[in-house]
Amino acid sequence: MLDILLKKKQGGFSLDVAFQSDGAKITALFGPSGSGKTSIINMVAGLVHPDQGRVSVDGRVLFDSRTGINLPPARRRIGYVFQEGRLFPHFSVRGNLTFGMALTPAEERFVRFDEVVEVLGIGALLDRRPAKLSGGEKQRVAIGRALLASPRLLLMDEPLASLDGARKAELLPFIALLPSRFHVPILYVSHSVDEVLRLADQLVLMEQGRSVDFGSVEDVMSRPAFSTQSGGRDVTTVVVAQILRHDQENGTSHLAFPGGVIRVPLLSAPIGRHLRVRIDAGDVMLALQRPTGLSVQNIFAARVAGLRSENGLVDVTLDLGCPLHSEISMQACADLGLTVGMPLFALVKSAAISRSDIALHDPSQLAIVPSPVEEEG
């Protein structure tokens, strides 16, 4: 369990956060640049001293301003992966990996060198120097170095921010596997919606130094406050669904969720797999009667659960066994005569849900196939 209560004033910036992450594999700190995410993990690591607060990991208190406990970074047993990797240039990959391990007493080591090398697919890199590694390879080595210190908690500060799309896609499954494989929870800093959707199971929403929301990824990402902090995109609904069947002929997969069965573009995941599906409110149309003669395949009976007007638009919260958001104009809302409790139908185009909107509910289920080692130079 991760228990964090932190307060600190830095010039004109004040940090005030509190959350408990119990049983989460990956807890994400999400918010725009300058919201205090990196400050939080630096305080957890012991690199920055809070003015007040408490930090404990699995019941072990690392910092408590009331009792005067403030363990130095070396005694906190926390691994830290930075944006750039920060490998030692004069060490080989093997030397970088074993650096933290050598500082950990033998009786406290629970992560094995061979297992880390295998999981991260870096066996062919062991004799190279960092200058001969690609960006993705450097980050895999940095992750391995942090793991081999046998930490109680792994901190990741936007570890994919400096990588291109291909390298990010390569590293995501490795990161997703770590908590289950090595029994090390992760506190993960990001301002990428896609990374949070694919990796985290709990989410702390940050705004101007405050933790303004906390809960499961599905709950927090489906609330209007998240859309505000994620760059002004539409309100989003994230639902957990299970693959029922694949329709190869029509190019769709059928997923069961609390609202019924939703068709999405054909997936390669096996039947029975649980997924997260993200549906943008702007892609949800409304009708007072079940429509016919349309190309839309996803039609769900629902009721209006809430109406919220902002900037000339209305966020309609629907109840169809689970919440679903629709964003329509104020004129459309008036023409439909929407009121709370009114029955209607929600329409979602299959094509509006892209593969980037779908992620494994438990990313650790993903099988890892090591990427080919890039040529030197």
# chains A, B, ... in the order shown; residues from 1 in each chain; ligands from 1
>>> residues_around(residues="region 14-26 of chain A", least_positions_apart="6", cutoff="8 Å", atoms="only C-alpha atoms", output="list in words")
Met1, Leu2, Asp3, Ile4, Leu5, Leu6, Lys7, Lys8, Gly36, Pro179, Ser180, Val184, Pro185, Ile186, Leu187, Tyr188, Leu199, Ala200, Asp201, Gln202, Val204, Gln208, Gly209, Arg210, Ser211 and Phe214 of chain A
>>> select_by_dssp(residues="region 153-318 of chain A", states="alpha helix (DSSP H)", output="ChimeraX atom specification")
/A:165-182,193-199,217-221,224-229
>>> residues_around(residues="His90 (chain A)", least_positions_apart="6", cutoff="12 Å", atoms="only C-alpha atoms", output="ChimeraX atom specification")
/A:96,127-132
>>> residues_around(residues="Thr237 (chain A)", least_positions_apart="5", cutoff="8 Å", atoms="only C-alpha atoms", output="PyMOL selection string")
chain A and resi 218+221-223+278-281+323-325
>>> atom_distance(atom1="CA of Val212 (chain A)", atom2="CA of Val235 (chain A)")
16.5 Å
>>> closest_atom_pairs(of="region 201-271 of chain A", to="region 294-305 of chain A", cutoff="9 Å", atoms="only C-alpha atoms", output="JSON lines")
{"residue": "A:Gly259", "atom": "CA", "partner": "A:Phe300", "partner_atom": "CA", "distance": 7.0}
{"residue": "A:Gly260", "atom": "CA", "partner": "A:Phe300", "partner_atom": "CA", "distance": 7.2}
{"residue": "A:Val261", "atom": "CA", "partner": "A:Asn298", "partner_atom": "CA", "distance": 7.9}
{"residue": "A:Ile262", "atom": "CA", "partner": "A:Asn298", "partner_atom": "CA", "distance": 5.8}
{"residue": "A:Arg263", "atom": "CA", "partner": "A:Asn298", "partner_atom": "CA", "distance": 6.5}
>>> write_last_selection(atoms="all heavy atoms", output="short mmCIF file (atom, residue, chain, number, x, y, z; two decimals), in the first residue's frame")
data_model
loop_
_atom_site.label_atom_id
_atom_site.label_comp_id
_atom_site.auth_asym_id
_atom_site.auth_seq_id
_atom_site.Cartn_x
_atom_site.Cartn_y
_atom_site.Cartn_z
N GLY A 259 -23.54 -2.20 -20.60
CA GLY A 259 -24.60 -1.61 -21.40
C GLY A 259 -25.10 -2.50 -22.52
O GLY A 259 -26.04 -2.14 -23.23
N GLY A 260 -24.48 -3.66 -22.72
CA GLY A 260 -24.88 -4.56 -23.80
C GLY A 260 -23.68 -5.11 -24.54
O GLY A 260 -22.68 -5.50 -23.93
N VAL A 261 -23.77 -5.12 -25.86
CA VAL A 261 -22.68 -5.60 -26.71
C VAL A 261 -22.31 -4.49 -27.67
O VAL A 261 -23.17 -3.92 -28.34
CB VAL A 261 -23.09 -6.87 -27.50
CG1 VAL A 261 -21.97 -7.28 -28.45
CG2 VAL A 261 -23.44 -8.01 -26.56
N ILE A 262 -21.03 -4.17 -27.70
CA ILE A 262 -20.55 -3.10 -28.59
C ILE A 262 -19.63 -3.70 -29.64
O ILE A 262 -18.79 -4.57 -29.35
CB ILE A 262 -19.85 -1.99 -27.79
CG1 ILE A 262 -19.53 -0.80 -28.70
CG2 ILE A 262 -18.59 -2.49 -27.08
CD1 ILE A 262 -19.14 0.46 -27.94
N ARG A 263 -19.81 -3.27 -30.88
CA ARG A 263 -18.97 -3.72 -32.00
C ARG A 263 -17.87 -2.70 -32.22
O ARG A 263 -18.14 -1.50 -32.28
CB ARG A 263 -19.80 -3.90 -33.26
CG ARG A 263 -20.87 -4.97 -33.16
CD ARG A 263 -21.83 -4.89 -34.35
NE ARG A 263 -22.83 -5.93 -34.32
CZ ARG A 263 -23.97 -5.87 -33.62
NH1 ARG A 263 -24.21 -4.79 -32.87
NH2 ARG A 263 -24.84 -6.85 -33.66
#
